[in-house]
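Asker: Dropping a structure here in C-alpha coordinates format, bear with me for questions.
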Amino acid sequence: MNVTTLITTFKEKFGTTPEQAFFAPGRINLIGEHTDYNGGHVFPCAITYGTYAVARKREDQLVRLYSVNFPDTGIIEFHLNQLDYDKEHNWANYPKGMIRYILESDYEIPTGFECVIHGNIPNGAGLSSSASIELLTGVLVDSLFGLEIPRLDVIKLGKQVENQFIGVNSGIMDQFAIGMGKKDAGILLDCQTLKYEYAPIQLENHKIIIMNTNKRRELADSKYNERRSECEEALAELQQRLPIEALGQLSEAEFDENQHLITNETVRKRAKHAVYENRRTLKALEKLRAGNLEAFGQLMNQSHISLRDDYEVTGIELDRLVEAAWEQPGVIGARMTGAGFGGCAIAIVANEEVENFIANVGAAYLDKIGYKADFYVASIGDGAKEIEVEAAV
(Lines give C-alpha, C1' and ligand atoms only; values in the text may rest on other atoms or scores of the structure.)
Protein backbone atom coordinates (compact mmCIF):
# COMPACT_ATOMS: atom_id res chain seq x y z
CA MET A 1 0.00 0.00 0.00
CA ASN A 2 1.37 3.40 -0.94
CA VAL A 3 0.00 6.91 -1.11
CA THR A 4 -0.71 6.55 -4.83
CA THR A 5 -2.96 3.58 -4.01
CA LEU A 6 -4.69 5.63 -1.31
CA ILE A 7 -5.36 8.34 -3.89
CA THR A 8 -6.93 5.74 -6.19
CA THR A 9 -9.14 4.54 -3.30
CA PHE A 10 -10.06 8.16 -2.52
CA LYS A 11 -11.17 8.72 -6.12
CA GLU A 12 -13.26 5.52 -6.00
CA LYS A 13 -14.96 6.41 -2.72
CA PHE A 14 -15.43 10.15 -3.11
CA GLY A 15 -15.28 10.77 -6.88
CA THR A 16 -12.61 13.46 -6.59
CA THR A 17 -8.86 13.90 -6.00
CA PRO A 18 -7.36 14.50 -2.51
CA GLU A 19 -5.40 17.71 -1.85
CA GLN A 20 -2.85 16.55 0.72
CA ALA A 21 -1.23 13.45 2.25
CA PHE A 22 -0.13 12.81 5.86
CA PHE A 23 1.64 10.23 8.02
CA ALA A 24 1.79 9.54 11.77
CA PRO A 25 4.04 6.74 13.09
CA GLY A 26 3.58 4.13 15.75
CA ARG A 27 6.02 4.03 18.66
CA ILE A 28 8.09 1.71 20.80
CA ASN A 29 9.57 2.44 24.20
CA LEU A 30 13.28 1.57 24.08
CA ILE A 31 13.79 1.67 27.85
CA GLY A 32 12.03 3.07 30.92
CA GLU A 33 9.00 0.87 31.67
CA HIS A 34 6.51 1.61 34.48
CA THR A 35 8.51 4.75 35.30
CA ASP A 36 6.06 7.37 34.00
CA TYR A 37 3.63 7.21 36.93
CA ASN A 38 6.56 7.06 39.37
CA GLY A 39 7.83 10.53 38.50
CA GLY A 40 10.47 9.19 36.15
CA HIS A 41 11.58 9.26 32.53
CA VAL A 42 10.71 7.19 29.47
CA PHE A 43 12.80 6.68 26.34
CA PRO A 44 10.53 6.10 23.33
CA CYS A 45 11.04 6.56 19.60
CA ALA A 46 8.78 6.78 16.58
CA ILE A 47 8.96 3.87 14.13
CA THR A 48 8.46 3.64 10.38
CA TYR A 49 5.21 1.68 10.74
CA GLY A 50 2.27 4.01 11.06
CA THR A 51 -0.95 5.48 9.67
CA TYR A 52 -1.32 7.28 6.36
CA ALA A 53 -4.09 9.56 5.12
CA VAL A 54 -5.09 11.53 2.04
CA ALA A 55 -7.70 14.24 2.46
CA ARG A 56 -9.65 17.04 0.81
CA LYS A 57 -11.78 19.87 2.22
CA ARG A 58 -15.51 19.87 1.54
CA GLU A 59 -17.77 22.89 1.11
CA ASP A 60 -20.34 21.80 3.70
CA GLN A 61 -20.11 20.72 7.38
CA LEU A 62 -19.79 16.97 6.81
CA VAL A 63 -16.75 14.87 7.73
CA ARG A 64 -16.57 11.61 5.71
CA LEU A 65 -13.94 9.01 6.64
CA TYR A 66 -12.99 5.69 5.07
CA SER A 67 -10.43 3.19 6.39
CA VAL A 68 -8.77 0.67 4.10
CA ASN A 69 -8.21 -1.45 7.24
CA PHE A 70 -11.97 -1.65 7.98
CA PRO A 71 -13.64 -1.79 4.56
CA ASP A 72 -16.77 -3.44 6.00
CA THR A 73 -17.63 -0.31 8.00
CA GLY A 74 -17.78 1.70 4.75
CA ILE A 75 -17.71 5.50 4.81
CA ILE A 76 -18.36 6.88 8.30
CA GLU A 77 -20.03 10.27 8.21
CA PHE A 78 -20.76 12.91 10.85
CA HIS A 79 -21.51 16.62 11.05
CA LEU A 80 -19.19 19.21 12.64
CA ASN A 81 -21.93 20.07 15.16
CA GLN A 82 -22.44 16.38 16.08
CA LEU A 83 -19.17 15.34 17.69
CA ASP A 84 -20.27 13.11 20.57
CA TYR A 85 -18.76 9.65 21.04
CA ASP A 86 -20.74 7.07 19.06
CA LYS A 87 -20.02 3.38 19.54
CA GLU A 88 -21.31 2.69 16.03
CA HIS A 89 -18.55 4.89 14.62
CA ASN A 90 -15.89 2.47 15.82
CA TRP A 91 -12.31 3.60 14.88
CA ALA A 92 -13.64 6.98 13.65
CA ASN A 93 -14.17 8.08 17.27
CA TYR A 94 -10.43 8.86 17.44
CA PRO A 95 -10.51 11.45 14.62
CA LYS A 96 -13.90 12.67 15.82
CA GLY A 97 -12.52 13.30 19.33
CA MET A 98 -9.57 15.26 17.91
CA ILE A 99 -11.87 17.43 15.79
CA ARG A 100 -14.08 18.10 18.79
CA TYR A 101 -11.22 19.15 21.09
CA ILE A 102 -9.56 21.27 18.41
CA LEU A 103 -12.86 23.18 18.04
CA GLU A 104 -13.21 23.43 21.84
CA SER A 105 -9.70 24.97 21.92
CA ASP A 106 -11.11 27.90 19.88
CA TYR A 107 -9.63 26.93 16.52
CA GLU A 108 -11.95 27.40 13.58
CA ILE A 109 -12.69 24.46 11.28
CA PRO A 110 -14.92 26.17 8.70
CA THR A 111 -15.87 23.10 6.66
CA GLY A 112 -15.83 19.34 6.79
CA PHE A 113 -13.45 17.13 4.81
CA GLU A 114 -13.11 13.73 3.20
CA CYS A 115 -10.34 11.35 4.14
CA VAL A 116 -9.05 7.87 3.35
CA ILE A 117 -6.68 6.30 5.86
CA HIS A 118 -4.59 3.14 6.01
CA GLY A 119 -2.44 1.88 8.89
CA ASN A 120 0.31 -0.74 8.70
CA ILE A 121 0.91 -0.92 12.47
CA PRO A 122 0.49 -4.61 13.44
CA ASN A 123 -2.91 -5.00 15.10
CA GLY A 124 -2.90 -5.54 18.86
CA ALA A 125 0.89 -5.32 19.12
CA GLY A 126 0.86 -2.43 21.60
CA LEU A 127 2.64 -0.05 19.21
CA SER A 128 0.06 2.67 19.78
CA SER A 129 -2.15 2.69 16.71
CA SER A 130 -4.78 4.78 18.54
CA ALA A 131 -2.35 7.62 19.32
CA SER A 132 -1.12 7.37 15.74
CA ILE A 133 -4.66 8.07 14.44
CA GLU A 134 -5.08 10.92 16.95
CA LEU A 135 -1.87 12.69 15.91
CA LEU A 136 -2.55 11.98 12.23
CA THR A 137 -5.91 13.73 12.56
CA GLY A 138 -4.40 16.65 14.47
CA VAL A 139 -1.71 17.27 11.84
CA LEU A 140 -4.21 16.79 9.00
CA VAL A 141 -6.80 19.25 10.35
CA ASP A 142 -4.06 21.72 11.32
CA SER A 143 -2.61 21.70 7.79
CA LEU A 144 -5.87 21.51 5.79
CA PHE A 145 -7.26 24.58 7.52
CA GLY A 146 -4.01 26.48 8.24
CA LEU A 147 -4.63 26.53 12.01
CA GLU A 148 -0.97 26.63 13.15
CA ILE A 149 -1.60 24.65 16.35
CA PRO A 150 1.62 24.30 18.38
CA ARG A 151 2.79 20.69 18.22
CA LEU A 152 2.77 20.24 22.00
CA ASP A 153 -0.89 21.30 22.01
CA VAL A 154 -1.70 18.69 19.34
CA ILE A 155 0.02 16.10 21.57
CA LYS A 156 -1.99 17.18 24.64
CA LEU A 157 -5.23 17.10 22.64
CA GLY A 158 -4.42 13.52 21.59
CA LYS A 159 -4.01 12.53 25.24
CA GLN A 160 -7.28 14.29 26.05
CA VAL A 161 -9.06 12.22 23.38
CA GLU A 162 -7.60 9.01 24.84
CA ASN A 163 -8.45 9.90 28.46
CA GLN A 164 -11.77 11.75 28.17
CA PHE A 165 -13.36 10.86 24.83
CA ILE A 166 -12.34 7.19 24.59
CA GLY A 167 -11.97 6.66 28.35
CA VAL A 168 -8.50 5.09 28.58
CA ASN A 169 -6.42 6.28 31.54
CA SER A 170 -3.03 6.45 29.80
CA GLY A 171 -0.11 8.84 30.08
CA ILE A 172 1.33 11.20 27.47
CA MET A 173 4.25 9.08 26.22
CA ASP A 174 2.50 7.64 23.15
CA GLN A 175 1.26 10.93 21.78
CA PHE A 176 4.55 12.65 22.63
CA ALA A 177 6.73 10.09 20.83
CA ILE A 178 4.44 10.13 17.78
CA GLY A 179 4.21 13.91 17.71
CA MET A 180 7.88 14.68 18.40
CA GLY A 181 9.63 11.64 16.89
CA LYS A 182 12.81 12.21 14.94
CA LYS A 183 14.60 9.94 12.49
CA ASP A 184 17.52 8.03 14.07
CA ALA A 185 16.83 9.43 17.56
CA GLY A 186 15.26 8.33 20.81
CA ILE A 187 13.54 10.81 23.13
CA LEU A 188 14.35 11.04 26.83
CA LEU A 189 11.09 12.44 28.21
CA ASP A 190 10.29 13.55 31.74
CA CYS A 191 6.60 12.64 31.92
CA GLN A 192 5.94 15.13 34.70
CA THR A 193 7.51 18.29 33.26
CA LEU A 194 7.48 17.27 29.55
CA LYS A 195 11.12 18.33 29.31
CA TYR A 196 12.80 16.21 26.66
CA GLU A 197 16.12 15.59 24.95
CA TYR A 198 16.93 13.71 21.75
CA ALA A 199 19.57 10.99 21.75
CA PRO A 200 21.19 9.85 18.51
CA ILE A 201 20.71 6.15 17.76
CA GLN A 202 23.00 5.14 14.92
CA LEU A 203 21.74 1.84 13.57
CA GLU A 204 23.37 1.67 10.13
CA ASN A 205 24.56 -1.87 10.88
CA HIS A 206 21.60 -2.98 13.00
CA LYS A 207 17.82 -3.28 12.87
CA ILE A 208 15.17 -3.06 15.56
CA ILE A 209 13.14 -6.27 15.58
CA ILE A 210 9.69 -6.07 17.15
CA MET A 211 8.59 -9.46 18.47
CA ASN A 212 4.86 -9.87 19.08
CA THR A 213 3.91 -12.63 21.53
CA ASN A 214 0.40 -12.79 20.02
CA LYS A 215 -0.86 -13.27 23.56
CA ARG A 216 -3.95 -11.36 24.57
CA ARG A 217 -3.10 -8.99 27.42
CA GLU A 218 -5.99 -9.92 29.72
CA LEU A 219 -4.05 -9.32 32.94
CA ALA A 220 -2.44 -6.05 31.97
CA ASP A 221 -5.04 -3.62 33.34
CA SER A 222 -5.61 -5.26 36.74
CA LYS A 223 -1.90 -5.88 37.32
CA TYR A 224 -1.07 -2.33 36.18
CA ASN A 225 -3.36 -0.91 38.88
CA GLU A 226 -1.89 -3.33 41.44
CA ARG A 227 1.71 -2.28 40.63
CA ARG A 228 0.74 1.35 40.74
CA SER A 229 -0.73 1.03 44.24
CA GLU A 230 2.32 -0.97 45.43
CA CYS A 231 4.58 1.89 44.31
CA GLU A 232 2.34 4.40 46.09
CA GLU A 233 2.62 2.31 49.26
CA ALA A 234 6.43 2.25 48.96
CA LEU A 235 6.54 6.00 48.40
CA ALA A 236 4.38 6.69 51.46
CA GLU A 237 6.74 4.67 53.68
CA LEU A 238 9.85 6.37 52.26
CA GLN A 239 8.23 9.79 52.77
CA GLN A 240 8.22 9.23 56.53
CA ARG A 241 11.96 10.02 56.40
CA LEU A 242 12.65 11.47 52.95
CA PRO A 243 11.39 14.76 51.47
CA ILE A 244 10.45 13.28 48.07
CA GLU A 245 7.34 13.50 45.91
CA ALA A 246 8.03 10.53 43.63
CA LEU A 247 10.23 7.42 43.49
CA GLY A 248 11.89 8.81 40.37
CA GLN A 249 13.62 11.46 42.48
CA LEU A 250 15.85 8.88 44.18
CA SER A 251 19.27 7.69 43.02
CA GLU A 252 20.15 4.02 43.38
CA ALA A 253 22.36 4.81 46.40
CA GLU A 254 19.61 6.80 48.14
CA PHE A 255 17.17 3.97 47.58
CA ASP A 256 19.62 1.34 48.85
CA GLU A 257 20.27 3.36 52.03
CA ASN A 258 16.56 3.78 52.78
CA GLN A 259 14.89 0.66 51.40
CA HIS A 260 14.59 -0.78 54.93
CA LEU A 261 11.78 1.76 55.48
CA ILE A 262 9.61 -0.31 53.11
CA THR A 263 8.31 -3.11 55.31
CA ASN A 264 6.88 -5.47 52.69
CA GLU A 265 9.49 -7.29 50.61
CA THR A 266 7.35 -7.42 47.45
CA VAL A 267 6.58 -3.70 47.65
CA ARG A 268 10.30 -3.04 48.17
CA LYS A 269 11.09 -4.92 44.93
CA ARG A 270 8.52 -2.87 43.03
CA ALA A 271 10.07 0.38 44.28
CA LYS A 272 13.56 -0.84 43.44
CA HIS A 273 12.51 -1.40 39.84
CA ALA A 274 10.98 2.08 39.58
CA VAL A 275 14.14 3.75 40.92
CA TYR A 276 16.71 1.67 39.03
CA GLU A 277 14.73 1.71 35.75
CA ASN A 278 14.48 5.49 35.85
CA ARG A 279 18.26 5.72 36.30
CA ARG A 280 18.71 3.35 33.35
CA THR A 281 16.93 5.86 31.10
CA LEU A 282 19.38 8.60 32.13
CA LYS A 283 22.34 6.27 31.56
CA ALA A 284 20.88 5.35 28.15
CA LEU A 285 21.03 9.00 27.05
CA GLU A 286 24.64 9.20 28.19
CA LYS A 287 25.70 5.96 26.43
CA LEU A 288 24.00 6.83 23.14
CA ARG A 289 25.48 10.32 23.11
CA ALA A 290 28.88 8.65 23.46
CA GLY A 291 28.02 6.35 20.53
CA ASN A 292 28.17 3.28 22.76
CA LEU A 293 25.39 1.07 21.39
CA GLU A 294 26.72 -2.02 23.19
CA ALA A 295 26.37 -0.35 26.60
CA PHE A 296 22.83 0.72 25.65
CA GLY A 297 22.07 -2.93 24.81
CA GLN A 298 23.26 -4.00 28.26
CA LEU A 299 20.87 -1.48 29.83
CA MET A 300 18.02 -2.99 27.78
CA ASN A 301 18.91 -6.46 29.12
CA GLN A 302 19.06 -5.18 32.70
CA SER A 303 15.68 -3.53 32.19
CA HIS A 304 14.06 -6.82 31.20
CA ILE A 305 15.62 -8.68 34.14
CA SER A 306 14.27 -6.03 36.52
CA LEU A 307 10.81 -6.17 34.92
CA ARG A 308 10.91 -9.97 35.21
CA ASP A 309 12.32 -10.37 38.74
CA ASP A 310 11.44 -7.18 40.65
CA TYR A 311 8.32 -5.83 38.92
CA GLU A 312 7.05 -9.24 37.75
CA VAL A 313 5.17 -8.07 34.67
CA THR A 314 6.77 -10.17 31.93
CA GLY A 315 5.22 -13.66 31.95
CA ILE A 316 6.36 -16.83 30.22
CA GLU A 317 5.72 -15.60 26.65
CA LEU A 318 7.77 -12.39 26.86
CA ASP A 319 10.51 -14.16 28.82
CA ARG A 320 10.79 -16.89 26.19
CA LEU A 321 11.14 -14.37 23.38
CA VAL A 322 13.72 -12.24 25.19
CA GLU A 323 15.77 -15.10 26.59
CA ALA A 324 15.87 -16.76 23.15
CA ALA A 325 16.92 -13.41 21.66
CA TRP A 326 19.81 -13.09 24.14
CA GLU A 327 21.20 -16.42 22.88
CA GLN A 328 21.40 -15.32 19.23
CA PRO A 329 24.56 -13.97 17.53
CA GLY A 330 24.54 -10.29 16.60
CA VAL A 331 22.10 -9.25 19.35
CA ILE A 332 23.01 -5.99 21.09
CA GLY A 333 20.15 -6.17 23.60
CA ALA A 334 16.54 -7.28 24.05
CA ARG A 335 13.67 -6.53 26.44
CA MET A 336 9.91 -6.47 26.76
CA THR A 337 8.30 -3.16 25.82
CA GLY A 338 4.95 -1.82 27.00
CA ALA A 339 2.87 -2.75 30.03
CA GLY A 340 3.75 -6.46 29.97
CA PHE A 341 1.73 -9.68 30.34
CA GLY A 342 1.81 -10.16 26.58
CA GLY A 343 2.25 -7.60 23.85
CA CYS A 344 5.72 -7.09 22.41
CA ALA A 345 9.43 -7.34 23.05
CA ILE A 346 12.15 -5.63 21.04
CA ALA A 347 15.71 -6.55 20.10
CA ILE A 348 18.54 -4.70 18.36
CA VAL A 349 20.11 -7.13 15.89
CA ALA A 350 23.02 -6.93 13.44
CA ASN A 351 21.79 -6.65 9.83
CA GLU A 352 23.43 -9.87 8.65
CA GLU A 353 21.84 -11.91 11.48
CA VAL A 354 18.23 -10.70 11.13
CA GLU A 355 16.99 -13.64 9.06
CA ASN A 356 18.55 -16.28 11.34
CA PHE A 357 17.43 -14.37 14.41
CA ILE A 358 13.78 -14.43 13.33
CA ALA A 359 13.95 -18.13 12.39
CA ASN A 360 15.69 -19.22 15.60
CA VAL A 361 13.71 -17.13 18.08
CA GLY A 362 10.49 -18.01 16.28
CA ALA A 363 11.27 -21.75 16.54
CA ALA A 364 12.22 -21.49 20.23
CA TYR A 365 9.00 -19.62 20.99
CA LEU A 366 6.75 -22.02 19.07
CA ASP A 367 8.43 -24.99 20.76
CA LYS A 368 7.82 -23.67 24.28
CA ILE A 369 4.57 -21.71 23.93
CA GLY A 370 2.78 -23.75 21.28
CA TYR A 371 1.80 -20.96 18.91
CA LYS A 372 3.71 -18.53 16.71
CA ALA A 373 5.17 -15.12 17.45
CA ASP A 374 5.22 -12.45 14.74
CA PHE A 375 8.31 -10.42 13.86
CA TYR A 376 8.59 -6.96 12.31
CA VAL A 377 11.77 -5.24 11.17
CA ALA A 378 11.50 -1.56 12.11
CA SER A 379 13.50 1.62 11.75
CA ILE A 380 13.39 4.80 13.83
CA GLY A 381 11.52 7.47 11.88
CA ASP A 382 10.07 10.96 12.05
CA GLY A 383 6.98 12.05 13.92
CA ALA A 384 3.59 13.01 12.47
CA LYS A 385 3.85 15.17 9.36
CA GLU A 386 2.53 16.10 5.95
CA ILE A 387 4.17 14.02 3.23
CA GLU A 388 4.64 14.22 -0.50
CA VAL A 389 1.81 12.63 -2.41
CA GLU A 390 4.30 10.26 -4.10
CA ALA A 391 5.78 9.03 -0.78
CA ALA A 392 5.62 5.28 -0.38
CA VAL A 393 4.20 3.48 2.61
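Residues in the C-alpha coordinates are named by chain (A, B, ... in the order shown) and by number from 1 within that chain; ligands are numbered from 1 in the order shown.
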With a distance cut-off of 8 Å and only C-alpha atoms, select the neighbouring residues of Phe357 (chain A), excluding the residue or stretch itself and same-chain residues fewer than 5 positions from it, and output the selection as a PyMOL selection string.
Answerer: chain A and resi 325+328-329+349
Asker: Since we have the selection now, will you write its residues out, keeping N, CA and C atoms, as a PDB file, in the first residue's frame?
Answerer:
ATOM      1  N   ALA A 325      16.217 -14.490  22.389  1.00  0.00           N
ATOM      2  CA  ALA A 325      16.920 -13.407  21.663  1.00  0.00           C
ATOM      3  C   ALA A 325      18.337 -13.230  22.199  1.00  0.00           C
ATOM      4  N   GLN A 328      21.095 -15.384  20.663  1.00  0.00           N
ATOM      5  CA  GLN A 328      21.404 -15.320  19.229  1.00  0.00           C
ATOM      6  C   GLN A 328      22.639 -14.454  18.951  1.00  0.00           C
ATOM      7  N   PRO A 329      23.428 -14.821  17.927  1.00  0.00           N
ATOM      8  CA  PRO A 329      24.564 -13.971  17.531  1.00  0.00           C
ATOM      9  C   PRO A 329      24.065 -12.641  16.958  1.00  0.00           C
ATOM     10  N   VAL A 349      19.438  -5.982  16.505  1.00  0.00           N
ATOM     11  CA  VAL A 349      20.109  -7.130  15.893  1.00  0.00           C
ATOM     12  C   VAL A 349      20.955  -6.672  14.698  1.00  0.00           C
TER      13      VAL A 349
END
Asker: Write out as a list of chain:residue names the residues lying within 8 Å of Cys344 (chain A), counting only C-alpha atoms and excluding same-chain residues fewer than 5 positions away.
Answerer: A:Ala125, A:Gly126, A:Ile210, A:Met211, A:Asn212, A:Thr213, A:Leu318, A:Met336, A:Thr337, A:Gly338
Asker: For Leu194 (chain A), which of A:Lys11, A:Arg270, A:Arg241, A:His41 is the closest residue, counting only C-alpha atoms?
Answerer: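 Smallest distance to Leu194 (chain A) is found for A:His41.
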Asker: Determine the nearest neighbour of Leu282 (chain A) from the options A:Cys115, A:Val42, A:Ala359, A:Val54, counting only C-alpha atoms.
Answerer: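 Among the listed residues, the smallest separation from Leu282 (chain A) belongs to A:Val42.
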Asker: Show me, as a list in words, the residues that have an atom within 8 Å of region 263-268 of chain A when counting only C-alpha atoms, minus same-chain residues fewer than 2 positions from it.
Answerer: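 Listing them by chain and then by number gives Glu230, Cys231, Glu233, Ala234, Gln259, His260, Leu261, Arg270, Ala271, Lys272 and Asp310 of chain A.
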